[in-house]
Amino acid sequence: MSASTRIRAVKGMHDVLPQAMARWKRVEALFRDLAERHGYAEIRTPLVEPTSLFVRSIGESTDIVGKEMYSFVDKGEDSLTLRPEGTASAVRAYIEHEIHAQEAVTKWYYIGPMFRRERPARGRYRQFWQAGIECFGDPGPYSDAEAIALLVEVLRAIGLSELEVVVNSIGSRSSKERYRQALVEFLKPHKEALSLESQRRLETNPLRILDSKDPKDQAICKNAPAILDFLSEQDRAHFESLCELLARLGIESRVDPHLVRGLDYYSRTLFEVRGKGGELGAQNALAGGGRYDELVEALGGPPTPAIGFAMGIERILLACENTQEGPSLDVWVATPDPSLLPCVLELLTLLRRDGIRADADLRGTSLRSQLRRAQKKGVPFVLLLGPEEEAKSTFRLKDMEGHSEEEIPQSALFFELKRRLPKRSPSAL
RNA sequence: GUGACCGUAGCUCAGCCGGUAGAGCAUCGGAUUGUGGCUCCGAGUGUCGCGGGUUCGAUCCCCGUCGGUCACCCCA
């Protein structure tokens with residue numbers, strides 16, 4: 001088939017091939033394990049939600065809602081959208097199932113794909129995976145610190161070193177509103193000097209001007225009023241104790257008053273983790289999150305404080321050095337005589353039934369080729385079954401690393417194998 | 001979405017001033033009729049991303065398009 005007619009993956013979407021899955025599973029398993037150790041339980045929500053859910057939560061004026069959503073009309077009825085992030089769905093589920101009536105504090109985690117129609121680049125895909133947590137019902141600041149601590153624990157366990165943890169507070173709604181007005185007042189006289197994009201944002205989303213990368217904008221913003229000066233007494237106390245808690249937990253962090261995240265629902269605590277290592281390009285935000293104390297109520301639930309974060313799995317994999325993977329098989333079975341393939345297949349079945357990861361080349365190829373395959377797959381042991389062994393009811397057990405082999409009676413097979421194979425447990429990844 | 005660069009075998013890439021393609025790695029087979037890592041021998045695949053234009057002739061030049069990458073934007 002010619003390349004032009006061949007069907008390919010959609011732009012910005014990619015396959016994770018089996019050879020990469022070991023690394024993915026390791027990250028997922030570490031996240032799961034640590035989240036559960038912190039009292040979080042997994043939730044799975046649909047990939048498709050009513051469009052209005054995202055418009056009402058993420059915000060009409062945000063880039064995500066304004067230009068990045070995969071939305072479609074379902075058979076002439078409702079407008080549906082492929083989820084661009086996880087929090088909105090979790091909040092919807094929290095409200096829909098009246099979880100607040102069942103427990104005071106709810107801690108959920110999720111892993112799954114998200115969809116945003118952006119221009120693809122390294123570390124930025126149109127379908128990408130996020131692992132995240134949401135904690136409902138605890139106003140903080142201890143739960144803020146706990147969430148950030150979990151995030152840092154996960155990244156550390158994955159093996160990421162050079163991390164930068166950035167925190168900020170944008171206050172609760174009234175503080176945020178007072179600051180927004182002050183910022184607009186300050187920026188208005190400079191309007192002509194701002195970048196075009198920021199001039200537009202002055203109307204739609206002035207806080208976003210703060211983290212503009214345009215040098216002109218940055219120069220102006222340097223003298224802008226700081227949001228931390230506009231926090232209410234309670235907001236400031238909340239943020240200060242969060243900073244103290246982080247220090248106490250040994251989490252190095254930097255306060256960046258210009259950290260403003262692109263979703264409208266945030267209030268008070270905001271944080272982001274950036275990476276430096278590996279093959280990470282310009283997309284160095286590995287994880288981000290914050291508090292969204294007003295969102296549950298805004299979507300029709302009872303007033304419920306909440307905090308959460310999400311981390312991008314592809315970016316984390318880019319950021320960490322390639323780790324060495326262990327073999328994916330324990331034993332390879334080989335035979336010089338294709339007429340013994342029925343015995344080989346039977347042996348495989350027994351081995352597998354006993355929990356041993358075993359495979360063989362069942363095509364009847366040369367012994368040499370069978371051993372080459374075993375070698376290439378990094379299998380530590382080969383069981384050789386030929387006419388001679390068959391006649392004596394033995395196997396040749398070949399140690400591929402030690403270059404040694406010995407003859408063992410068939411009756412001692414499992415004992416000998418178990419003795420040699422390293423202990424494996426599902427979580428020991 | 002804007003600007004720029006790139007696109008040759010499964011992978012990494014070479015290919016001069018336009019004359020329709022090569023290397024290394026990988027794969028498979030053999031040297032060793034029942035033994036893997038080294039060595040040696042052999043085998044194969046490309047509509048040179050796709051479409052159009054210029055030309056006697058295009059992998060090479062031009063236009064478009066698709067994909068990737070970088071910066072902006074934004075974010076995980």
# chains A, B, ... in the order shown; residues from 1 in each chain; ligands from 1
call {"tool": "closest_atom_pairs", "arguments": {"of": "chain B", "to": "chain A", "cutoff": "7 Å", "atoms": "only C-alpha atoms (C1' of nucleotides)", "output": "tab-separated table"}}
result
residue	atom	partner	partner_atom	distance
B:G34	C1'	A:Pro336	CA	5.6
B:U35	C1'	A:Arg368	CA	6.4
B:G36	C1'	A:Leu371	CA	5.0
B:C50	C1'	A:Ser4	CA	5.6
B:U69	C1'	A:Ala121	CA	6.8
B:A76	C1'	A:Gly312	CA	3.9
call {"tool": "write_last_selection", "arguments": {"atoms": "C-alpha atoms (C1' of nucleotides)", "output": "PDB file, in the first residue's frame"}}
result
ATOM      1  C1'   G B  34      21.677 -30.051  18.934  1.00  0.00           C
ATOM      2  C1'   U B  35      23.610 -24.522  21.249  1.00  0.00           C
ATOM      3  C1'   G B  36      23.106 -17.530  21.940  1.00  0.00           C
ATOM      4  C1'   C B  50       2.141  13.046  -0.867  1.00  0.00           C
ATOM      5  C1'   U B  69      10.550  19.686  15.196  1.00  0.00           C
ATOM      6  C1'   A B  76       0.632  18.378  31.233  1.00  0.00           C
TER       7        A B  76
END
call {"tool": "residues_around", "arguments": {"residues": "stretch 291-307 of chain A", "least_positions_apart": "4", "cutoff": "7 Å", "atoms": "only C-alpha atoms (C1' of nucleotides)", "output": "ChimeraX atom specification"}}
result
/A:57,91,95,134-139,144,265-270
call {"tool": "write_last_selection", "arguments": {"atoms": "N, CA and C atoms", "output": "CSV table (one decimal), in the first residue's frame"}}
result
chain,number,residue,atom,x,y,z
A,57,SER,N,-16.7,25.2,34.0
A,57,SER,CA,-15.7,25.1,35.0
A,57,SER,C,-14.3,25.7,34.6
A,91,VAL,N,-15.4,16.6,39.5
A,91,VAL,CA,-16.3,17.4,40.3
A,91,VAL,C,-17.7,17.0,39.9
A,95,ILE,N,-20.6,15.6,42.5
A,95,ILE,CA,-21.9,16.1,42.7
A,95,ILE,C,-23.0,15.1,42.3
A,134,GLU,N,-7.7,14.5,43.3
A,134,GLU,CA,-8.6,15.5,43.7
A,134,GLU,C,-9.0,15.2,45.1
A,135,CYS,N,-8.9,16.2,46.0
A,135,CYS,CA,-9.3,16.0,47.4
A,135,CYS,C,-10.4,17.0,47.7
A,136,PHE,N,-11.6,16.5,48.1
A,136,PHE,CA,-12.8,17.3,48.3
A,136,PHE,C,-13.1,17.4,49.8
A,137,GLY,N,-13.5,18.6,50.3
A,137,GLY,CA,-14.0,18.7,51.6
A,137,GLY,C,-13.0,19.2,52.7
A,138,ASP,N,-11.8,19.4,52.3
A,138,ASP,CA,-10.8,19.8,53.3
A,138,ASP,C,-10.3,21.2,52.9
A,139,PRO,N,-10.6,22.2,53.7
A,139,PRO,CA,-10.2,23.6,53.3
A,139,PRO,C,-8.7,23.9,53.4
A,144,ASP,N,-3.4,21.1,51.4
A,144,ASP,CA,-2.6,21.7,50.3
A,144,ASP,C,-1.2,21.1,50.4
A,265,TYR,N,-11.1,28.3,37.4
A,265,TYR,CA,-11.6,27.8,38.6
A,265,TYR,C,-10.7,27.9,39.9
A,266,TYR,N,-9.5,28.2,39.6
A,266,TYR,CA,-8.5,28.2,40.8
A,266,TYR,C,-8.8,29.3,41.8
A,267,SER,N,-8.5,29.0,43.0
A,267,SER,CA,-8.6,30.0,44.0
A,267,SER,C,-7.5,29.7,45.0
A,268,ARG,N,-7.0,30.7,45.7
A,268,ARG,CA,-6.0,30.5,46.7
A,268,ARG,C,-4.8,29.8,46.1
A,269,THR,N,-4.5,28.6,46.7
A,269,THR,CA,-3.2,28.0,46.3
A,269,THR,C,-3.1,27.5,44.9
A,270,LEU,N,-1.9,27.9,44.3
A,270,LEU,CA,-1.6,27.4,42.9
A,270,LEU,C,-0.2,26.9,43.0
call {"tool": "select_by_dssp", "arguments": {"residues": "stretch 115-360 of chain A", "states": "strand (DSSP E)", "output": "PyMOL selection string"}}
result
chain A and resi 115+127-136+163-169+254-255+267-275+285-291+306-312+331-334+358-360
call {"tool": "residues_around", "arguments": {"residues": "B:A21", "least_positions_apart": "3", "cutoff": "12 Å", "atoms": "only C-alpha atoms (C1' of nucleotides)", "output": "number ranges by chain"}}
result
B: 8-9, 14-15, 46, 48, 59
call {"tool": "write_last_selection", "arguments": {"atoms": "N, CA and C atoms (P, O5', C5', C4', C3', O3' and C1' of nucleotides)", "output": "PDB file, in the first residue's frame"}}
result
ATOM      1  P     U B   8      13.053  10.791   5.915  1.00  0.00           P
ATOM      2  O5'   U B   8      13.526   9.894   4.689  1.00  0.00           O
ATOM      3  C5'   U B   8      12.715   9.800   3.528  1.00  0.00           C
ATOM      4  C4'   U B   8      13.490   9.075   2.477  1.00  0.00           C
ATOM      5  C3'   U B   8      14.252   7.864   2.978  1.00  0.00           C
ATOM      6  O3'   U B   8      13.421   6.725   3.090  1.00  0.00           O
ATOM      7  C1'   U B   8      15.686   9.197   1.691  1.00  0.00           C
ATOM      8  P     A B   9      13.478   5.879   4.413  1.00  0.00           P
ATOM      9  O5'   A B   9      13.899   4.439   3.887  1.00  0.00           O
ATOM     10  C5'   A B   9      12.924   3.630   3.237  1.00  0.00           C
ATOM     11  C4'   A B   9      13.203   2.180   3.521  1.00  0.00           C
ATOM     12  C3'   A B   9      13.326   1.842   5.001  1.00  0.00           C
ATOM     13  O3'   A B   9      12.691   0.599   5.260  1.00  0.00           O
ATOM     14  C1'   A B   9      15.268   1.154   3.866  1.00  0.00           C
ATOM     15  P     A B  14      22.458  13.484   6.797  1.00  0.00           P
ATOM     16  O5'   A B  14      23.291  12.640   5.735  1.00  0.00           O
ATOM     17  C5'   A B  14      24.699  12.525   5.887  1.00  0.00           C
ATOM     18  C4'   A B  14      25.318  11.735   4.768  1.00  0.00           C
ATOM     19  C3'   A B  14      25.137  12.269   3.348  1.00  0.00           C
ATOM     20  O3'   A B  14      25.935  13.407   3.077  1.00  0.00           O
ATOM     21  C1'   A B  14      24.971   9.918   3.365  1.00  0.00           C
ATOM     22  P     G B  15      25.366  14.543   2.106  1.00  0.00           P
ATOM     23  O5'   G B  15      25.039  13.764   0.770  1.00  0.00           O
ATOM     24  C5'   G B  15      26.081  13.427  -0.133  1.00  0.00           C
ATOM     25  C4'   G B  15      25.521  12.652  -1.289  1.00  0.00           C
ATOM     26  C3'   G B  15      24.483  13.377  -2.146  1.00  0.00           C
ATOM     27  O3'   G B  15      25.075  14.278  -3.068  1.00  0.00           O
ATOM     28  C1'   G B  15      23.693  11.223  -1.660  1.00  0.00           C
ATOM     29  P     G B  46      10.988  -1.979  -2.935  1.00  0.00           P
ATOM     30  O5'   G B  46      10.778  -0.521  -2.353  1.00  0.00           O
ATOM     31  C5'   G B  46       9.940  -0.315  -1.204  1.00  0.00           C
ATOM     32  C4'   G B  46      10.407   0.933  -0.503  1.00  0.00           C
ATOM     33  C3'   G B  46      10.036   2.213  -1.234  1.00  0.00           C
ATOM     34  O3'   G B  46       9.503   3.140  -0.321  1.00  0.00           O
ATOM     35  C1'   G B  46      12.374   2.135  -0.853  1.00  0.00           C
ATOM     36  P     C B  48       9.667   7.277  -4.368  1.00  0.00           P
ATOM     37  O5'   C B  48      10.618   7.898  -3.260  1.00  0.00           O
ATOM     38  C5'   C B  48      10.257   7.860  -1.869  1.00  0.00           C
ATOM     39  C4'   C B  48      11.277   8.666  -1.111  1.00  0.00           C
ATOM     40  C3'   C B  48      11.199  10.179  -1.345  1.00  0.00           C
ATOM     41  O3'   C B  48      11.492  10.812  -0.115  1.00  0.00           O
ATOM     42  C1'   C B  48      13.332   9.419  -1.947  1.00  0.00           C
ATOM     43  P     U B  59      13.100  11.814  -8.733  1.00  0.00           P
ATOM     44  O5'   U B  59      13.534  11.866  -7.208  1.00  0.00           O
ATOM     45  C5'   U B  59      12.624  12.260  -6.199  1.00  0.00           C
ATOM     46  C4'   U B  59      13.360  12.809  -5.004  1.00  0.00           C
ATOM     47  C3'   U B  59      14.005  14.171  -5.205  1.00  0.00           C
ATOM     48  O3'   U B  59      13.072  15.203  -4.965  1.00  0.00           O
ATOM     49  C1'   U B  59      15.542  12.685  -4.155  1.00  0.00           C
TER      50        U B  59
END
call {"tool": "closest_residue", "arguments": {"among": "A:Leu259, A:Val273, A:Val331, A:Ile148", "to": "A:Leu163", "atoms": "only C-alpha atoms"}}
result
A:Val273
call {"tool": "residues_around", "arguments": {"residues": "A:Glu203", "least_positions_apart": "4", "cutoff": "10 Å", "atoms": "only C-alpha atoms (C1' of nucleotides)", "output": "PyMOL selection string"}}
result
chain A and resi 61+184+198-199
call {"tool": "closest_residue", "arguments": {"among": "A:Arg26, A:Thr394, A:Thr349, A:Pro141", "to": "A:Glu240", "atoms": "only C-alpha atoms"}}
result
A:Pro141
call {"tool": "atom_distance", "arguments": {"atom1": "atom CA of A:Glu96", "atom2": "atom CA of A:Phe54"}}
result
15.5 Å
call {"tool": "closest_residue", "arguments": {"among": "B:A31, B:G18, B:C13, B:C38", "to": "B:A58", "atoms": "only C-alpha atoms (C1' of nucleotides)"}}
result
B:G18
call {"tool": "closest_residue", "arguments": {"among": "A:Ala93, A:Val165, A:Val27, A:Leu263", "to": "B:C74", "atoms": "only C-alpha atoms (C1' of nucleotides)"}}
result
A:Leu263
